[in-house]
$ cat structure-v7.txt   # compact mmCIF, C-alpha atoms
# COMPACT_ATOMS: atom_id res chain seq x y z
CA GLN A 783 0.00 0.00 0.00
CA LEU A 784 2.89 2.38 0.67
CA GLN A 785 5.63 2.77 -1.91
CA ALA A 786 8.64 4.85 -0.88
CA SER A 787 11.13 6.18 -3.40
CA GLY A 788 13.74 8.86 -3.90
CA GLY A 789 16.64 7.53 -1.88
CA GLY A 790 20.18 7.48 -3.15
CA LEU A 791 23.75 8.59 -2.62
CA VAL A 792 24.43 12.25 -1.95
CA GLN A 793 27.35 14.27 -0.63
CA ALA A 794 27.19 16.01 2.69
CA GLY A 795 25.39 19.32 2.35
CA GLY A 796 23.28 18.04 -0.51
CA SER A 797 19.54 17.49 -0.78
CA LEU A 798 17.14 14.68 -1.55
CA ARG A 799 13.37 14.44 -1.75
CA LEU A 800 11.69 11.23 -0.72
CA SER A 801 8.21 10.32 -1.88
CA CYS A 802 5.70 7.87 -0.49
CA ALA A 803 2.77 6.97 -2.70
CA VAL A 804 -0.25 5.47 -0.99
CA SER A 805 -2.59 3.28 -2.97
CA GLU A 806 -5.68 4.22 -1.02
CA ARG A 807 -8.49 6.54 -1.96
CA THR A 808 -8.81 7.39 1.73
CA PHE A 809 -5.26 8.80 1.89
CA SER A 810 -6.58 12.05 3.31
CA ASN A 811 -7.81 10.10 6.34
CA TYR A 812 -4.28 9.00 7.25
CA ALA A 813 -1.75 10.75 9.39
CA MET A 814 1.62 10.13 7.77
CA ALA A 815 5.16 9.93 9.05
CA TRP A 816 8.73 9.13 8.17
CA PHE A 817 11.03 7.05 10.32
CA ARG A 818 14.59 5.95 9.68
CA GLN A 819 16.90 3.18 10.76
CA ALA A 820 20.64 3.53 10.58
CA PRO A 821 22.91 0.47 10.55
CA GLY A 822 23.12 -1.04 14.00
CA LYS A 823 20.60 1.37 15.46
CA GLU A 824 16.93 1.30 16.30
CA ARG A 825 14.36 2.91 14.05
CA GLU A 826 13.72 6.53 14.98
CA PHE A 827 11.16 9.21 14.24
CA VAL A 828 11.96 11.76 11.54
CA ALA A 829 8.79 13.67 10.68
CA ALA A 830 5.01 13.46 10.91
CA ILE A 831 2.08 15.30 9.39
CA SER A 832 -1.58 15.25 10.30
CA ARG A 833 -4.40 14.40 7.92
CA SER A 834 -4.98 17.98 6.91
CA GLY A 835 -1.33 18.98 7.05
CA GLY A 836 -2.05 21.46 9.77
CA ASN A 837 0.11 19.75 12.38
CA ILE A 838 3.72 18.85 11.66
CA TYR A 839 6.37 17.42 13.98
CA TYR A 840 10.13 16.91 13.80
CA PRO A 841 12.80 15.84 16.23
CA ASP A 842 15.51 18.36 17.00
CA SER A 843 18.01 16.38 14.94
CA VAL A 844 16.33 17.29 11.64
CA LYS A 845 14.37 20.44 12.48
CA GLY A 846 15.25 23.24 10.10
CA ARG A 847 16.75 20.84 7.56
CA PHE A 848 13.88 18.45 6.74
CA SER A 849 10.35 19.28 5.64
CA ILE A 850 7.38 16.95 5.40
CA PHE A 851 4.41 17.82 3.23
CA ARG A 852 1.58 16.01 1.55
CA ASP A 853 -0.48 16.24 -1.59
CA ASN A 854 -3.82 14.63 -0.87
CA ALA A 855 -4.83 14.90 -4.53
CA LYS A 856 -1.85 12.71 -5.47
CA ASN A 857 -2.05 10.40 -2.43
CA THR A 858 1.57 11.17 -1.74
CA VAL A 859 3.63 12.38 1.21
CA TYR A 860 7.08 13.87 0.73
CA LEU A 861 10.18 14.41 2.81
CA GLN A 862 12.43 17.18 1.59
CA MET A 863 15.86 16.75 3.10
CA ASN A 864 18.37 19.60 2.89
CA SER A 865 21.83 20.10 4.37
CA LEU A 866 22.25 16.37 4.66
CA GLU A 867 24.86 15.02 7.03
CA PRO A 868 26.57 11.62 7.13
CA GLU A 869 24.57 10.95 10.30
CA ASP A 870 21.41 11.02 8.16
CA THR A 871 22.49 7.84 6.42
CA ALA A 872 19.73 5.28 6.99
CA VAL A 873 16.86 3.38 5.47
CA TYR A 874 13.88 5.70 5.48
CA TYR A 875 10.40 4.32 5.97
CA CYS A 876 7.07 6.00 5.45
CA ALA A 877 4.16 5.05 7.66
CA ALA A 878 0.42 5.65 7.77
CA SER A 879 -1.93 5.81 10.71
CA VAL A 880 -5.65 5.22 10.48
CA GLY A 881 -6.11 6.33 14.06
CA THR A 882 -7.06 9.75 15.30
CA LEU A 883 -3.87 11.31 16.61
CA PHE A 884 -3.91 14.36 18.83
CA LEU A 885 -0.74 14.52 20.85
CA ARG A 886 2.84 14.92 19.69
CA VAL A 887 3.77 11.69 21.45
CA GLN A 888 1.19 9.86 19.34
CA PHE A 889 2.55 11.24 16.08
CA THR A 890 6.12 10.36 17.01
CA THR A 891 5.51 6.80 18.25
CA GLN A 892 5.92 3.89 15.86
CA SER A 893 3.07 1.90 17.35
CA SER A 894 0.61 4.61 16.24
CA TYR A 895 1.15 3.60 12.62
CA ASN A 896 -0.66 0.73 10.98
CA TYR A 897 0.97 0.55 7.55
CA TRP A 898 4.60 0.77 6.54
CA GLY A 899 6.44 1.14 3.29
CA GLN A 900 9.36 -1.01 2.23
CA GLY A 901 12.01 1.62 2.93
CA THR A 902 14.38 3.57 0.73
CA LEU A 903 18.10 3.87 1.41
CA VAL A 904 19.70 7.27 1.84
CA THR A 905 23.48 7.39 1.96
CA VAL A 906 25.28 10.63 2.73
CA SER A 907 29.00 10.67 2.04
CA SER A 908 31.39 12.98 3.85

$ encode --input "structure-v7.txt" --output "structure tokens"
Amino acid sequence: QLQASGGGLVQAGGSLRLSCAVSERTFSNYAMAWFRQAPGKEREFVAAISRSGGNIYYPDSVKGRFSIFRDNAKNTVYLQMNSLEPEDTAVYYCAASVGTLFLRVQFTTQSSYNYWGQGTLVTVSS
């Protein structure tokens, strides 16, 4: 249901845009998020956006560099990543929640999300 794309190899300081296409007509009913998992580390929260796009959340590690946005007409959520650092190297996963999320902690918790994409690898060279 979720197809992530856009990963690749980029030099430090560069940019990438990830896309996650959702094959559901009810895409606008889903809160969406991006998580990432670096080699040898646990999966961590990167960005989340509410159904309407009115609420957006980031961890401090990417705030000011990453932007999440959605196009409900195209059933797609995006992650624009600027000023990439080697520490951003990871497999990036998009996720969708059918639940009604209100609190930041809900948006940032993996268990809030019901559907996951297959992941796309982002490698940032120094």

$ closest_residue --input "structure-v7.txt" --among "A:Leu791, A:Ala786, A:Ala877, A:Ala815" --to "Tyr839 of chain A" --atoms "all atoms listed in the file"
A:Ala815

$ residues_around --input "structure-v7.txt" --residues "Ser843 of chain A" --least-positions-apart "3" --cutoff "12 Å" --atoms "all atoms listed in the file" --output "ChimeraX atom specification"
/A:826-829,839-840,846-848,865-867,869-870

$ write_last_selection --input "structure-v7.txt" --atoms "C-alpha atoms" --output "compact mmCIF listing (two decimals), in the frame of the given file"
# COMPACT_ATOMS: atom_id res chain seq x y z
CA GLU A 826 13.72 6.53 14.98
CA PHE A 827 11.16 9.21 14.24
CA VAL A 828 11.96 11.76 11.54
CA ALA A 829 8.79 13.67 10.68
CA TYR A 839 6.37 17.42 13.98
CA TYR A 840 10.13 16.91 13.80
CA GLY A 846 15.25 23.24 10.10
CA ARG A 847 16.75 20.84 7.56
CA PHE A 848 13.88 18.45 6.74
CA SER A 865 21.83 20.10 4.37
CA LEU A 866 22.25 16.37 4.66
CA GLU A 867 24.86 15.02 7.03
CA GLU A 869 24.57 10.95 10.30
CA ASP A 870 21.41 11.02 8.16

$ closest_residue --input "structure-v7.txt" --among "A:Thr882, A:Gln819, A:Gln900, A:Thr871" --to "Ala803 of chain A" --atoms "all atoms listed in the file"
A:Gln900

$ closest_residue --input "structure-v7.txt" --among "A:Tyr895, A:Phe889, A:Trp816, A:Phe851" --to "Tyr875 of chain A" --atoms "only C-alpha atoms"
A:Trp816

$ closest_residue --input "structure-v7.txt" --among "A:Trp898, A:Ala872, A:Leu784, A:Gly790" --to "Phe809 of chain A" --atoms "only C-alpha atoms"
A:Leu784

$ closest_residue --input "structure-v7.txt" --among "A:Glu806, A:Glu824, A:Ala878, A:Val844" --to "Asn857 of chain A" --atoms "only C-alpha atoms"
A:Glu806

$ residues_around --input "structure-v7.txt" --residues "Ser908 of chain A" --least-positions-apart "6" --cutoff "8 Å" --atoms "all atoms listed in the file" --output "ChimeraX atom specification"
/A:793-794,867-868

$ closest_residue --input "structure-v7.txt" --among "A:Pro841, A:Gly795, A:Gly899, A:Gly788" --to "Met814 of chain A" --atoms "only C-alpha atoms"
A:Gly899

$ atom_distance --input "structure-v7.txt" --atom1 "atom CA of Ala813 of chain A" --atom2 "atom CA of Ile838 of chain A"
10.0 Å

$ atom_distance --input "structure-v7.txt" --atom1 "atom CA of Asp853 of chain A" --atom2 "atom CA of Val792 of chain A"
25.2 Å

$ residues_around --input "structure-v7.txt" --residues "Arg799 of chain A" --least-positions-apart "3" --cutoff "8 Å" --atoms "all atoms listed in the file" --output "ChimeraX atom specification"
/A:788-789,860-863

$ residues_near_point --input "structure-v7.txt" --point "(-3.4, 10.8, 8.1)" --cutoff "6 Å" --atoms "only C-alpha atoms" --output "NGL selection string"
:A and (810-814 or 832-833 or 879)

$ residues_near_point --input "structure-v7.txt" --point "(16.8, 6.6, 9.5)" --cutoff "6 Å" --atoms "all atoms listed in the file" --output "list of chain:residue names"
A:Phe817, A:Arg818, A:Gln819, A:Ala820, A:Ala872, A:Val873, A:Tyr874

$ atom_distance --input "structure-v7.txt" --atom1 "atom CA of Cys876 of chain A" --atom2 "atom CA of Gly901 of chain A"
7.1 Å
